[in-house]
>>> print(open('final_33.cif').read())   # mmCIF, C-alpha atoms
data_upload
loop_
_atom_site.label_atom_id
_atom_site.label_comp_id
_atom_site.auth_asym_id
_atom_site.auth_seq_id
_atom_site.Cartn_x
_atom_site.Cartn_y
_atom_site.Cartn_z
CA LYS A 1 -4.55 19.18 34.27
CA CYS A 2 -7.25 20.98 32.29
CA LEU A 3 -4.69 22.09 29.72
CA GLU A 4 -3.33 18.56 29.45
CA ARG A 5 -6.81 17.16 28.89
CA CYS A 6 -7.57 19.76 26.21
CA LYS A 7 -4.26 19.04 24.53
CA GLY A 8 -4.97 15.30 24.59
CA SER A 9 -8.47 15.75 23.15
CA ILE A 10 -7.12 17.97 20.36
CA GLU A 11 -4.45 15.39 19.51
CA LEU A 12 -7.09 12.64 19.37
CA GLU A 13 -9.35 14.71 17.12
CA THR A 14 -6.41 15.52 14.82
CA HIS A 15 -5.40 11.87 14.64
CA ALA A 16 -8.99 10.81 13.88
CA THR A 17 -9.27 13.46 11.17
CA VAL A 18 -6.05 12.33 9.49
CA VAL A 19 -7.09 8.68 9.60
CA LEU A 20 -10.51 9.53 8.13
CA MET A 21 -8.87 11.50 5.31
CA VAL A 22 -6.59 8.56 4.50
CA ARG A 23 -9.54 6.17 4.44
CA ILE A 24 -11.47 8.39 2.04
CA SER A 25 -8.41 9.04 -0.13
CA THR A 26 -7.72 5.33 -0.64
CA PHE A 27 -11.18 4.77 -2.13
CA LEU A 28 -10.87 7.90 -4.28
CA LEU A 29 -7.47 6.72 -5.50
CA ALA A 30 -8.95 3.38 -6.49
CA ALA A 31 -11.60 5.19 -8.54
CA PHE A 32 -9.01 7.57 -10.02
CA PHE A 33 -6.68 4.81 -11.24
CA LEU A 34 -9.66 2.87 -12.58
CA TYR A 35 -10.56 5.98 -14.59
CA LEU A 36 -6.97 6.22 -15.87
CA TYR A 37 -7.06 2.53 -16.81
CA ARG A 38 -10.22 3.06 -18.87
CA GLN A 39 -8.49 5.94 -20.64
CA LYS A 40 -5.02 4.42 -21.23
CA ARG A 41 -5.67 0.64 -21.00
CA GLN A 42 -2.40 0.01 -19.15
CA PRO A 43 -2.67 -3.17 -17.01
CA TYR A 44 -0.61 -1.80 -14.11
CA LEU A 45 -3.20 0.97 -13.64
CA LEU A 46 -5.91 -1.63 -13.06
CA ALA A 47 -3.63 -3.40 -10.56
CA TRP A 48 -3.05 -0.11 -8.73
CA SER A 49 -6.80 0.48 -8.61
CA VAL A 50 -7.36 -2.98 -7.12
CA ALA A 51 -4.56 -2.40 -4.59
CA TRP A 52 -6.04 0.86 -3.32
CA PHE A 53 -9.55 -0.64 -3.25
CA LEU A 54 -8.27 -3.51 -1.07
CA MET A 55 -6.52 -0.98 1.15
CA SER A 56 -9.84 0.86 1.59
CA LEU A 57 -11.50 -2.47 2.54
CA HIS A 58 -8.74 -2.91 5.11
CA PHE A 59 -9.69 0.43 6.67
CA ILE A 60 -13.40 -0.51 6.62
CA ALA A 61 -12.68 -3.81 8.38
CA HIS A 62 -10.48 -1.97 10.89
CA ALA A 63 -13.35 0.40 11.61
CA GLY A 64 -15.64 -2.60 12.10
CA VAL A 65 -13.31 -3.91 14.81
CA ALA A 66 -13.64 -0.63 16.70
CA LEU A 67 -17.43 -0.39 16.32
CA PHE A 68 -18.55 -3.86 17.39
CA SER A 69 -18.31 -5.32 20.87
CA PRO A 70 -15.89 -8.20 21.54
CA GLY A 71 -17.14 -11.49 20.20
CA GLN A 72 -16.86 -14.00 17.40
CA GLY A 73 -17.83 -11.37 14.82
CA VAL A 74 -14.92 -9.15 15.83
CA LEU A 75 -12.53 -12.03 15.19
CA TRP A 76 -13.73 -12.16 11.59
CA TYR A 77 -13.33 -8.39 11.24
CA ARG A 78 -9.78 -8.55 12.63
CA THR A 79 -8.95 -11.44 10.31
CA MET A 80 -10.28 -9.59 7.28
CA ASP A 81 -8.50 -6.44 8.46
CA GLU A 82 -5.09 -8.15 8.32
CA TRP A 83 -5.90 -10.17 5.20
CA PHE A 84 -7.02 -7.18 3.14
CA VAL A 85 -3.81 -5.29 3.81
CA ALA A 86 -1.86 -8.39 2.74
CA LEU A 87 -3.92 -8.67 -0.45
CA SER A 88 -3.30 -4.97 -1.10
CA ALA A 89 0.45 -5.51 -0.79
CA LEU A 90 0.26 -8.42 -3.26
CA ALA A 91 -1.71 -6.21 -5.68
CA PHE A 92 0.99 -3.52 -5.39
CA TYR A 93 3.58 -6.20 -6.16
CA CYS A 94 1.65 -7.30 -9.26
CA ALA A 95 1.32 -3.66 -10.35
CA ALA A 96 5.07 -3.14 -9.96
CA ARG A 97 5.78 -6.22 -12.10
CA LEU A 98 3.38 -5.00 -14.79
CA TYR A 99 4.85 -1.49 -14.63
CA VAL A 100 8.33 -2.77 -15.49
CA ARG A 101 6.86 -5.08 -18.16
CA LEU A 102 7.48 -8.36 -16.34
CA THR A 103 5.14 -11.32 -16.01
CA ILE A 104 3.21 -11.93 -12.81
CA PRO A 105 3.89 -15.24 -11.01
CA ILE A 106 0.17 -15.97 -10.68
CA ARG A 107 0.57 -19.30 -8.87
CA ALA A 108 2.96 -17.79 -6.32
CA VAL A 109 0.62 -14.83 -5.74
CA ILE A 110 -2.36 -17.15 -5.14
CA ILE A 111 -0.34 -19.27 -2.72
CA ALA A 112 0.81 -16.13 -0.90
CA ALA A 113 -2.82 -14.93 -0.62
CA VAL A 114 -3.88 -18.27 0.90
CA ILE A 115 -0.94 -18.20 3.32
CA ALA A 116 -1.87 -14.64 4.30
CA ALA A 117 -5.46 -15.72 5.04
CA VAL A 118 -4.31 -18.62 7.22
CA TRP A 119 -1.67 -16.46 8.90
CA SER A 120 -4.20 -13.71 9.68
CA GLY A 121 -6.68 -16.14 11.18
CA ALA A 122 -3.98 -17.84 13.23
CA HIS A 123 -2.74 -14.56 14.65
CA VAL A 124 -6.21 -13.28 15.53
CA ARG A 125 -6.93 -16.52 17.43
CA GLY A 126 -3.60 -16.41 19.25
CA ILE A 127 -2.00 -19.33 17.40
CA ALA A 128 0.65 -17.20 15.66
CA SER A 129 2.53 -14.60 17.71
CA VAL A 130 3.66 -12.51 14.71
CA THR A 131 1.17 -10.55 12.62
CA VAL A 132 0.87 -10.77 8.86
CA GLY A 133 2.32 -7.24 8.80
CA LEU A 134 5.77 -8.85 8.68
CA GLY A 135 4.93 -10.44 5.33
CA VAL A 136 3.36 -7.17 4.15
CA GLY A 137 6.56 -5.35 4.98
CA LEU A 138 8.66 -7.86 3.03
CA ILE A 139 6.35 -7.55 0.00
CA PHE A 140 6.62 -3.76 0.11
CA LEU A 141 10.41 -4.12 0.16
CA LEU A 142 10.18 -6.16 -3.04
CA VAL A 143 7.92 -3.51 -4.58
CA GLY A 144 10.34 -0.77 -3.58
CA GLN A 145 13.29 -2.68 -5.04
CA THR A 146 11.41 -3.14 -8.32
CA PHE A 147 10.64 0.56 -8.69
CA TRP A 148 14.16 1.54 -7.57
CA GLN A 149 15.80 -0.64 -10.22
CA GLU A 150 13.41 0.55 -12.91
CA GLY A 151 13.97 4.18 -11.96
CA ARG A 152 17.76 3.78 -12.11
CA ARG A 153 17.53 2.00 -15.45
CA GLN A 154 15.16 4.54 -17.02
CA GLU A 155 16.68 7.51 -15.15
CA ALA A 156 13.19 8.34 -13.91
CA ARG A 157 13.20 10.37 -10.71
CA ALA A 158 9.56 9.59 -9.85
CA ASP A 159 10.19 5.83 -10.01
CA VAL A 160 13.27 6.15 -7.79
CA LEU A 161 11.31 8.18 -5.23
CA LEU A 162 8.44 5.70 -5.44
CA GLY A 163 10.88 2.89 -4.75
CA ILE A 164 12.27 4.73 -1.71
CA THR A 165 8.73 5.34 -0.44
CA PHE A 166 7.76 1.67 -0.70
CA LEU A 167 11.04 0.67 0.98
CA ALA A 168 10.28 3.05 3.85
CA TRP A 169 6.69 1.74 4.00
CA GLY A 170 7.92 -1.85 4.21
CA LEU A 171 10.51 -1.04 6.89
CA LEU A 172 7.84 0.75 8.91
CA PHE A 173 5.56 -2.32 8.79
CA ILE A 174 8.43 -4.53 9.94
CA VAL A 175 9.33 -2.12 12.78
CA LEU A 176 5.68 -2.09 13.92
CA VAL A 177 5.66 -5.89 14.06
CA LEU A 178 8.95 -6.02 15.98
CA GLN A 179 8.13 -3.04 18.24
CA PRO A 180 7.07 -5.18 21.25
CA ARG A 181 10.49 -6.87 21.10
CA LEU A 182 12.43 -3.59 20.82
CA THR A 183 12.83 -1.87 24.17
CA VAL A 184 13.84 1.39 22.50
CA LEU A 185 10.51 1.75 20.67
CA GLN A 186 8.18 0.46 23.37
CA GLY A 187 5.49 3.00 24.18
CA ALA A 188 5.97 4.92 20.93
CA ASP A 189 2.88 5.41 18.75
CA LEU A 190 4.16 4.58 15.26
CA VAL A 191 0.80 3.77 13.65
CA PRO A 192 0.07 7.37 12.50
CA MET A 193 3.39 7.34 10.65
CA LEU A 194 1.87 4.82 8.20
CA CYS A 195 -0.12 7.71 6.74
CA LEU A 196 3.03 9.42 5.45
CA PRO A 197 4.15 6.69 2.99
CA GLU A 198 0.57 6.38 1.75
CA LEU A 199 0.35 10.10 1.00
CA PHE A 200 3.74 10.17 -0.74
CA THR A 201 2.82 7.05 -2.71
CA CYS A 202 -0.37 8.71 -4.00
CA VAL A 203 1.52 11.70 -5.42
CA LEU A 204 4.46 9.71 -6.81
CA MET A 205 2.18 7.20 -8.54
CA VAL A 206 0.53 10.00 -10.50
CA MET A 207 3.97 11.37 -11.42
CA SER A 208 5.09 7.90 -12.53
CA VAL A 209 2.02 7.49 -14.73
CA TYR A 210 2.79 10.63 -16.69
CA GLU A 211 6.52 9.87 -16.88
CA GLU A 212 5.70 6.41 -18.24
CA GLU A 213 3.31 7.99 -20.75
CA ARG A 214 6.06 10.37 -21.87
CA ARG A 215 8.54 7.50 -22.30
CA ARG A 216 5.94 5.51 -24.27
CA VAL A 217 5.39 8.44 -26.63
CA GLU A 218 9.15 8.82 -27.08
CA ARG A 219 9.50 5.11 -27.85
CA ASN A 220 6.73 5.36 -30.45
CA MET A 221 8.35 8.42 -32.04
CA VAL A 222 11.69 6.62 -32.28
CA ALA A 223 10.02 3.57 -33.78
CA LEU A 224 8.23 5.71 -36.38
CA SER A 225 11.41 7.59 -37.27
CA ASN A 226 13.25 4.30 -37.75
#
>>> encode(input="final_33.cif", output="C-alpha coordinates")
Amino acid sequence: KCLERCKGSIELETHATVVLMVRISTFLLAAFFLYLYRQKRQPYLLAWSVAWFLMSLHFIAHAGVALFSPGQGVLWYRTMDEWFVALSALAFYCAARLYVRLTIPIRAVIIAAVIAAVWSGAHVRGIASVTVGLGVGLIFLLVGQTFWQEGRRQEARADVLLGITFLAWGLLFIVLVLQPRLTVLQGADLVPMLCLPELFTCVLMVMSVYEEERRRVERNMVALSN
(Lines of atoms letter the chains of each structure in order from A and count residues from 1; the text may use other names and numbers.)
(Lines give C-alpha, C1' and ligand atoms only; values in the text may rest on other atoms or scores of the structure.)
Protein backbone atom coordinates (compact mmCIF):
# COMPACT_ATOMS: atom_id res chain seq x y z
CA LYS A 1 0.00 0.00 0.00
CA CYS A 2 2.85 2.36 0.81
CA LEU A 3 4.43 1.71 -2.57
CA GLU A 4 1.11 2.30 -4.30
CA ARG A 5 0.65 5.61 -2.49
CA CYS A 6 4.18 6.73 -3.39
CA LYS A 7 3.62 5.73 -7.00
CA GLY A 8 0.34 7.65 -7.08
CA SER A 9 1.89 10.78 -5.57
CA ILE A 10 4.77 10.65 -8.07
CA GLU A 11 2.31 10.32 -10.96
CA LEU A 12 0.32 13.32 -9.68
CA GLU A 13 3.46 15.43 -9.32
CA THR A 14 4.60 14.47 -12.83
CA HIS A 15 1.19 15.30 -14.28
CA ALA A 16 1.13 18.67 -12.48
CA THR A 17 4.63 19.47 -13.72
CA VAL A 18 3.72 18.68 -17.33
CA VAL A 19 0.55 20.76 -17.14
CA LEU A 20 2.48 23.69 -15.63
CA MET A 21 5.09 23.49 -18.40
CA VAL A 22 2.36 23.54 -21.06
CA ARG A 23 0.72 26.57 -19.43
CA ILE A 24 3.99 28.48 -19.38
CA SER A 25 4.91 27.41 -22.91
CA THR A 26 1.63 28.70 -24.38
CA PHE A 27 2.30 32.21 -23.09
CA LEU A 28 5.91 32.08 -24.28
CA LEU A 29 4.75 30.91 -27.70
CA ALA A 30 2.36 33.85 -27.92
CA ALA A 31 5.25 36.22 -27.18
CA PHE A 32 7.54 34.39 -29.62
CA PHE A 33 5.12 34.58 -32.56
CA LEU A 34 4.39 38.22 -31.74
CA TYR A 35 8.14 38.84 -31.98
CA LEU A 36 8.25 37.03 -35.34
CA TYR A 37 5.30 39.10 -36.55
CA ARG A 38 7.11 42.33 -35.69
CA GLN A 39 10.12 41.07 -37.64
CA LYS A 40 8.39 39.61 -40.73
CA ARG A 41 4.99 41.39 -40.75
CA GLN A 42 3.14 38.26 -41.86
CA PRO A 43 -0.53 38.39 -40.72
CA TYR A 44 -0.76 34.68 -39.92
CA LEU A 45 2.00 35.11 -37.31
CA LEU A 46 -0.12 37.65 -35.45
CA ALA A 47 -3.09 35.25 -35.60
CA TRP A 48 -0.92 32.46 -34.18
CA SER A 49 0.20 34.77 -31.38
CA VAL A 50 -3.42 35.60 -30.54
CA ALA A 51 -4.36 31.91 -30.64
CA TRP A 52 -1.66 30.89 -28.17
CA PHE A 53 -2.45 33.87 -25.92
CA LEU A 54 -6.10 32.79 -25.79
CA MET A 55 -4.98 29.25 -25.04
CA SER A 56 -2.93 30.57 -22.10
CA LEU A 57 -6.03 32.45 -20.85
CA HIS A 58 -7.90 29.15 -21.07
CA PHE A 59 -5.33 27.57 -18.75
CA ILE A 60 -5.52 30.54 -16.36
CA ALA A 61 -9.32 30.27 -16.19
CA HIS A 62 -9.01 26.50 -15.67
CA ALA A 63 -6.65 27.14 -12.76
CA GLY A 64 -9.18 29.60 -11.33
CA VAL A 65 -11.82 26.86 -11.29
CA ALA A 66 -9.53 24.67 -9.20
CA LEU A 67 -8.52 27.43 -6.77
CA PHE A 68 -11.89 28.92 -5.84
CA SER A 69 -14.61 27.22 -3.83
CA PRO A 70 -17.89 26.26 -5.54
CA GLY A 71 -20.13 29.22 -6.15
CA GLN A 72 -21.36 31.71 -8.72
CA GLY A 73 -17.81 32.91 -9.39
CA VAL A 74 -16.68 29.41 -10.35
CA LEU A 75 -19.45 29.26 -12.95
CA TRP A 76 -17.95 32.31 -14.64
CA TYR A 77 -14.47 30.78 -14.52
CA ARG A 78 -15.76 27.54 -16.06
CA THR A 79 -17.61 29.49 -18.75
CA MET A 80 -14.53 31.52 -19.61
CA ASP A 81 -12.44 28.34 -19.50
CA GLU A 82 -14.51 26.73 -22.27
CA TRP A 83 -14.99 29.96 -24.21
CA PHE A 84 -11.28 30.82 -24.35
CA VAL A 85 -10.38 27.44 -25.81
CA ALA A 86 -13.10 27.94 -28.44
CA LEU A 87 -11.75 31.41 -29.27
CA SER A 88 -8.26 29.92 -29.52
CA ALA A 89 -9.51 27.35 -32.03
CA LEU A 90 -11.14 30.10 -34.10
CA ALA A 91 -7.87 32.07 -34.03
CA PHE A 92 -6.00 28.97 -35.26
CA TYR A 93 -8.56 28.69 -38.06
CA CYS A 94 -8.02 32.33 -39.06
CA ALA A 95 -4.25 31.79 -38.97
CA ALA A 96 -4.56 28.75 -41.23
CA ARG A 97 -6.64 30.75 -43.73
CA LEU A 98 -4.08 33.56 -43.72
CA TYR A 99 -1.21 31.08 -44.04
CA VAL A 100 -2.63 29.68 -47.29
CA ARG A 101 -3.42 33.22 -48.51
CA LEU A 102 -7.20 32.96 -48.22
CA THR A 103 -9.62 35.55 -46.87
CA ILE A 104 -11.09 35.20 -43.39
CA PRO A 105 -14.90 34.93 -43.17
CA ILE A 106 -15.07 37.60 -40.47
CA ARG A 107 -18.84 37.53 -40.05
CA ALA A 108 -18.88 33.74 -39.70
CA VAL A 109 -16.03 33.86 -37.16
CA ILE A 110 -17.86 36.47 -35.05
CA ILE A 111 -21.07 34.43 -35.14
CA ALA A 112 -19.14 31.32 -34.15
CA ALA A 113 -17.54 33.19 -31.22
CA VAL A 114 -20.98 34.32 -29.98
CA ILE A 115 -22.36 30.79 -30.34
CA ALA A 116 -19.36 29.45 -28.41
CA ALA A 117 -20.02 31.92 -25.57
CA VAL A 118 -23.69 30.94 -25.34
CA TRP A 119 -22.84 27.24 -25.66
CA SER A 120 -20.23 27.46 -22.88
CA GLY A 121 -22.59 29.22 -20.52
CA ALA A 122 -25.39 26.78 -21.27
CA HIS A 123 -23.18 23.77 -20.60
CA VAL A 124 -21.78 25.15 -17.34
CA ARG A 125 -25.33 25.77 -16.07
CA GLY A 126 -26.50 22.32 -17.11
CA ILE A 127 -28.69 23.46 -20.00
CA ALA A 128 -26.54 21.84 -22.71
CA SER A 129 -25.30 18.28 -22.16
CA VAL A 130 -22.43 18.49 -24.68
CA THR A 131 -19.42 20.72 -24.06
CA VAL A 132 -18.11 23.28 -26.50
CA GLY A 133 -15.14 20.93 -26.96
CA LEU A 134 -17.12 19.23 -29.73
CA GLY A 135 -17.11 22.46 -31.74
CA VAL A 136 -13.43 22.99 -30.91
CA GLY A 137 -12.64 19.55 -32.27
CA LEU A 138 -14.51 20.26 -35.51
CA ILE A 139 -12.66 23.57 -35.95
CA PHE A 140 -9.32 21.83 -35.42
CA LEU A 141 -10.30 19.31 -38.09
CA LEU A 142 -10.86 22.20 -40.50
CA VAL A 143 -7.48 23.67 -39.54
CA GLY A 144 -5.80 20.31 -40.08
CA GLN A 145 -7.46 19.88 -43.47
CA THR A 146 -6.28 23.35 -44.52
CA PHE A 147 -2.66 22.66 -43.61
CA TRP A 148 -2.80 19.16 -45.13
CA GLN A 149 -4.02 20.47 -48.48
CA GLU A 150 -1.48 23.29 -48.48
CA GLY A 151 1.34 20.91 -47.61
CA ARG A 152 0.39 18.53 -50.42
CA ARG A 153 0.13 21.40 -52.88
CA GLN A 154 3.44 23.00 -51.89
CA GLU A 155 5.13 19.66 -51.15
CA ALA A 156 5.99 21.01 -47.71
CA ARG A 157 6.58 18.28 -45.15
CA ALA A 158 6.15 20.58 -42.14
CA ASP A 159 2.71 21.71 -43.33
CA VAL A 160 1.60 18.11 -43.88
CA LEU A 161 2.77 17.13 -40.39
CA LEU A 162 1.10 20.22 -38.95
CA GLY A 163 -2.13 19.21 -40.65
CA ILE A 164 -1.88 15.69 -39.20
CA THR A 165 -1.22 17.14 -35.74
CA PHE A 166 -4.28 19.40 -35.86
CA LEU A 167 -6.40 16.51 -37.15
CA ALA A 168 -5.24 14.37 -34.23
CA TRP A 169 -5.87 17.28 -31.83
CA GLY A 170 -9.41 17.71 -33.16
CA LEU A 171 -10.16 13.98 -32.97
CA LEU A 172 -8.88 13.91 -29.39
CA PHE A 173 -11.22 16.76 -28.40
CA ILE A 174 -14.16 14.94 -29.98
CA VAL A 175 -13.24 11.66 -28.23
CA LEU A 176 -13.04 13.49 -24.88
CA VAL A 177 -16.53 14.90 -25.41
CA LEU A 178 -17.95 11.51 -26.40
CA GLN A 179 -16.00 9.56 -23.76
CA PRO A 180 -18.93 9.30 -21.28
CA ARG A 181 -20.98 7.68 -24.07
CA LEU A 182 -18.24 5.22 -25.06
CA THR A 183 -18.06 2.25 -22.72
CA VAL A 184 -14.63 1.28 -24.04
CA LEU A 185 -13.02 4.56 -22.92
CA GLN A 186 -14.85 5.05 -19.63
CA GLY A 187 -12.41 5.44 -16.76
CA ALA A 188 -9.48 6.32 -19.03
CA ASP A 189 -7.67 9.59 -18.30
CA LEU A 190 -7.27 11.13 -21.76
CA VAL A 191 -6.80 14.75 -20.67
CA PRO A 192 -2.97 14.55 -20.35
CA MET A 193 -2.85 13.37 -23.96
CA LEU A 194 -3.91 16.89 -25.02
CA CYS A 195 -0.39 18.03 -24.16
CA LEU A 196 1.13 15.95 -26.97
CA PRO A 197 -0.57 17.73 -29.92
CA GLU A 198 0.25 21.08 -28.33
CA LEU A 199 3.94 20.23 -28.07
CA PHE A 200 4.11 18.90 -31.64
CA THR A 201 2.21 21.96 -32.90
CA CYS A 202 4.76 24.30 -31.28
CA VAL A 203 7.69 22.67 -33.09
CA LEU A 204 5.94 22.24 -36.44
CA MET A 205 4.73 25.85 -36.48
CA VAL A 206 8.31 27.09 -36.20
CA MET A 207 9.32 24.72 -39.02
CA SER A 208 6.42 25.97 -41.16
CA VAL A 209 7.44 29.59 -40.62
CA TYR A 210 10.91 29.02 -41.99
CA GLU A 211 9.66 26.84 -44.85
CA GLU A 212 7.21 29.58 -45.81
CA GLU A 213 10.02 32.14 -45.61
CA ARG A 214 12.15 29.97 -47.91
CA ARG A 215 9.30 29.63 -50.43
CA ARG A 216 8.70 33.40 -50.32
CA VAL A 217 12.37 34.07 -51.08
CA GLU A 218 12.26 31.58 -53.95
CA ARG A 219 9.14 33.25 -55.37
CA ASN A 220 10.85 36.65 -55.19
CA MET A 221 13.96 35.29 -56.91
CA VAL A 222 11.86 33.81 -59.72
CA ALA A 223 9.98 37.08 -60.11
CA LEU A 224 13.23 39.05 -60.31
CA SER A 225 14.74 36.64 -62.83
CA ASN A 226 11.63 36.94 -65.00
>>> closest_residue(input="final_33.cif", among="A:Val160, A:Leu171, A:Ala86, A:Ala108", to="A:Thr131", atoms="only C-alpha atoms")
A:Ala86
>>> atom_distance(input="final_33.cif", atom1="atom CA of A:Phe32", atom2="atom CA of A:Val203")
12.2 Å
>>> atom_distance(input="final_33.cif", atom1="atom CA of A:Leu178", atom2="atom CA of A:Trp52")
25.4 Å
>>> residues_around(input="final_33.cif", residues="A:Phe166", least_positions_apart="3", cutoff="8 Å", atoms="all atoms listed in the file", output="mmCIF file with C-alpha atoms, in the frame of the given file")
data_model
loop_
_atom_site.group_PDB
_atom_site.id
_atom_site.type_symbol
_atom_site.label_atom_id
_atom_site.label_comp_id
_atom_site.auth_asym_id
_atom_site.auth_seq_id
_atom_site.Cartn_x
_atom_site.Cartn_y
_atom_site.Cartn_z
ATOM 1 C CA PHE A 140 6.620 -3.760 0.110
ATOM 2 C CA LEU A 141 10.410 -4.120 0.160
ATOM 3 C CA VAL A 143 7.920 -3.510 -4.580
ATOM 4 C CA GLY A 144 10.340 -0.770 -3.580
ATOM 5 C CA LEU A 162 8.440 5.700 -5.440
ATOM 6 C CA GLY A 163 10.880 2.890 -4.750
ATOM 7 C CA TRP A 169 6.690 1.740 4.000
ATOM 8 C CA GLY A 170 7.920 -1.850 4.210
ATOM 9 C CA PRO A 197 4.150 6.690 2.990
ATOM 10 C CA THR A 201 2.820 7.050 -2.710
#
>>> atom_distance(input="final_33.cif", atom1="atom CA of A:Met207", atom2="atom CA of A:Ile174")
27.0 Å
>>> residues_near_point(input="final_33.cif", point="(-6.4, 5.5, -5.2)", cutoff="9 Å", atoms="all atoms listed in the file", output="list in words")
Ser25, Thr26, Phe27, Leu28, Leu29, Ala30, Ala31, Phe32, Phe33, Leu34, Trp48, Ser49, Val50, Ala51, Trp52, Phe53, Ser56 and Cys202 of chain A
>>> resolve_selection(input="final_33.cif", expression="the PyMOL selection byres ((chain A and resi 109-112) around 9)", output="VMD selection string")
chain A and resid 86 to 87 90 to 91 94 104 to 108 113 to 117
>>> resolve_selection(input="final_33.cif", expression="the PyMOL selection byres ((chain A and resi 209-226) around 8)", output="list of chain:residue names")
A:Ala156, A:Ala158, A:Met205, A:Val206, A:Met207, A:Ser208
>>> resolve_selection(input="final_33.cif", expression="the PyMOL selection byres ((chain A and resi 95-100) around 6)", output="PyMOL selection string")
chain A and resi 44+47-48+92-94+101-102
>>> residues_around(input="final_33.cif", residues="A:Val177", least_positions_apart="5", cutoff="10 Å", atoms="all atoms listed in the file", output="PyMOL selection string")
chain A and resi 129-135+137+171-172+182
>>> axis_aligned_box(input="final_33.cif", around="stretch 139-142 of chain A", padding_each_side="6 Å", output="JSON")
{"center_x": 8.4, "center_y": -5.7, "center_z": -1.4, "size_x": 16.1, "size_y": 15.8, "size_z": 15.2}
>>> build_atoms(input="final_33.cif", residues="stretch 152-177 of chain A", atoms="N, CA, C and O atoms", output="mmCIF file, keeping the file's coordinate frame")
data_model
loop_
_atom_site.group_PDB
_atom_site.id
_atom_site.type_symbol
_atom_site.label_atom_id
_atom_site.label_comp_id
_atom_site.auth_asym_id
_atom_site.auth_seq_id
_atom_site.Cartn_x
_atom_site.Cartn_y
_atom_site.Cartn_z
ATOM 1 N N ARG A 152 16.334 3.619 -11.776
ATOM 2 C CA ARG A 152 17.760 3.780 -12.110
ATOM 3 C C ARG A 152 18.020 3.437 -13.563
ATOM 4 O O ARG A 152 18.849 4.073 -14.232
ATOM 5 N N ARG A 153 17.304 2.428 -14.063
ATOM 6 C CA ARG A 153 17.530 2.000 -15.450
ATOM 7 C C ARG A 153 16.969 3.025 -16.432
ATOM 8 O O ARG A 153 17.606 3.331 -17.449
ATOM 9 N N GLN A 154 15.793 3.575 -16.133
ATOM 10 C CA GLN A 154 15.160 4.540 -17.020
ATOM 11 C C GLN A 154 15.545 5.987 -16.705
ATOM 12 O O GLN A 154 15.114 6.905 -17.420
ATOM 13 N N GLU A 155 16.324 6.169 -15.622
ATOM 14 C CA GLU A 155 16.680 7.510 -15.150
ATOM 15 C C GLU A 155 15.419 8.340 -14.897
ATOM 16 O O GLU A 155 15.322 9.504 -15.270
ATOM 17 N N ALA A 156 14.463 7.706 -14.240
ATOM 18 C CA ALA A 156 13.190 8.340 -13.910
ATOM 19 C C ALA A 156 13.171 8.662 -12.420
ATOM 20 O O ALA A 156 13.211 7.753 -11.586
ATOM 21 N N ARG A 157 13.126 9.944 -12.109
ATOM 22 C CA ARG A 157 13.200 10.370 -10.710
ATOM 23 C C ARG A 157 11.965 9.922 -9.930
ATOM 24 O O ARG A 157 12.069 9.523 -8.757
ATOM 25 N N ALA A 158 10.789 9.976 -10.553
ATOM 26 C CA ALA A 158 9.560 9.590 -9.850
ATOM 27 C C ALA A 158 9.598 8.115 -9.457
ATOM 28 O O ALA A 158 9.167 7.749 -8.354
ATOM 29 N N ASP A 159 10.113 7.255 -10.336
ATOM 30 C CA ASP A 159 10.190 5.830 -10.010
ATOM 31 C C ASP A 159 11.174 5.574 -8.872
ATOM 32 O O ASP A 159 10.927 4.725 -8.003
ATOM 33 N N VAL A 160 12.298 6.297 -8.871
ATOM 34 C CA VAL A 160 13.270 6.150 -7.790
ATOM 35 C C VAL A 160 12.652 6.570 -6.457
ATOM 36 O O VAL A 160 12.772 5.869 -5.441
ATOM 37 N N LEU A 161 11.965 7.709 -6.453
ATOM 38 C CA LEU A 161 11.310 8.180 -5.230
ATOM 39 C C LEU A 161 10.197 7.234 -4.795
ATOM 40 O O LEU A 161 9.996 7.007 -3.595
ATOM 41 N N LEU A 162 9.487 6.666 -5.767
ATOM 42 C CA LEU A 162 8.440 5.700 -5.440
ATOM 43 C C LEU A 162 9.049 4.451 -4.815
ATOM 44 O O LEU A 162 8.491 3.875 -3.876
ATOM 45 N N GLY A 163 10.192 4.029 -5.343
ATOM 46 C CA GLY A 163 10.880 2.890 -4.750
ATOM 47 C C GLY A 163 11.319 3.170 -3.327
ATOM 48 O O GLY A 163 11.158 2.321 -2.433
ATOM 49 N N ILE A 164 11.858 4.368 -3.071
ATOM 50 C CA ILE A 164 12.270 4.730 -1.710
ATOM 51 C C ILE A 164 11.068 4.761 -0.773
ATOM 52 O O ILE A 164 11.137 4.313 0.380
ATOM 53 N N THR A 165 9.937 5.272 -1.278
ATOM 54 C CA THR A 165 8.730 5.340 -0.440
ATOM 55 C C THR A 165 8.235 3.957 -0.061
ATOM 56 O O THR A 165 7.876 3.707 1.098
ATOM 57 N N PHE A 166 8.199 3.039 -1.018
ATOM 58 C CA PHE A 166 7.760 1.670 -0.700
ATOM 59 C C PHE A 166 8.754 0.981 0.235
ATOM 60 O O PHE A 166 8.348 0.193 1.103
ATOM 61 N N LEU A 167 10.050 1.236 0.060
ATOM 62 C CA LEU A 167 11.040 0.670 0.980
ATOM 63 C C LEU A 167 10.807 1.176 2.400
ATOM 64 O O LEU A 167 10.859 0.403 3.366
ATOM 65 N N ALA A 168 10.550 2.486 2.528
ATOM 66 C CA ALA A 168 10.280 3.050 3.850
ATOM 67 C C ALA A 168 8.983 2.486 4.425
ATOM 68 O O ALA A 168 8.889 2.191 5.631
ATOM 69 N N TRP A 169 7.970 2.312 3.568
ATOM 70 C CA TRP A 169 6.690 1.740 4.000
ATOM 71 C C TRP A 169 6.887 0.315 4.514
ATOM 72 O O TRP A 169 6.355 -0.070 5.564
ATOM 73 N N GLY A 170 7.656 -0.479 3.775
ATOM 74 C CA GLY A 170 7.920 -1.850 4.210
ATOM 75 C C GLY A 170 8.698 -1.914 5.504
ATOM 76 O O GLY A 170 8.387 -2.714 6.401
ATOM 77 N N LEU A 171 9.724 -1.061 5.645
ATOM 78 C CA LEU A 171 10.510 -1.040 6.890
ATOM 79 C C LEU A 171 9.640 -0.628 8.070
ATOM 80 O O LEU A 171 9.792 -1.149 9.179
ATOM 81 N N LEU A 172 8.720 0.306 7.830
ATOM 82 C CA LEU A 172 7.840 0.750 8.910
ATOM 83 C C LEU A 172 6.915 -0.367 9.358
ATOM 84 O O LEU A 172 6.666 -0.537 10.569
ATOM 85 N N PHE A 173 6.392 -1.161 8.421
ATOM 86 C CA PHE A 173 5.560 -2.320 8.790
ATOM 87 C C PHE A 173 6.369 -3.311 9.627
ATOM 88 O O PHE A 173 5.871 -3.840 10.636
ATOM 89 N N ILE A 174 7.594 -3.573 9.208
ATOM 90 C CA ILE A 174 8.430 -4.530 9.940
ATOM 91 C C ILE A 174 8.744 -4.014 11.342
ATOM 92 O O ILE A 174 8.716 -4.771 12.330
ATOM 93 N N VAL A 175 9.037 -2.709 11.460
ATOM 94 C CA VAL A 175 9.330 -2.120 12.780
ATOM 95 C C VAL A 175 8.104 -2.216 13.681
ATOM 96 O O VAL A 175 8.214 -2.498 14.881
ATOM 97 N N LEU A 176 6.906 -1.991 13.129
ATOM 98 C CA LEU A 176 5.680 -2.090 13.920
ATOM 99 C C LEU A 176 5.471 -3.501 14.451
ATOM 100 O O LEU A 176 5.009 -3.697 15.580
ATOM 101 N N VAL A 177 5.809 -4.499 13.620
ATOM 102 C CA VAL A 177 5.660 -5.890 14.060
ATOM 103 C C VAL A 177 6.666 -6.208 15.167
ATOM 104 O O VAL A 177 6.349 -6.886 16.153
#
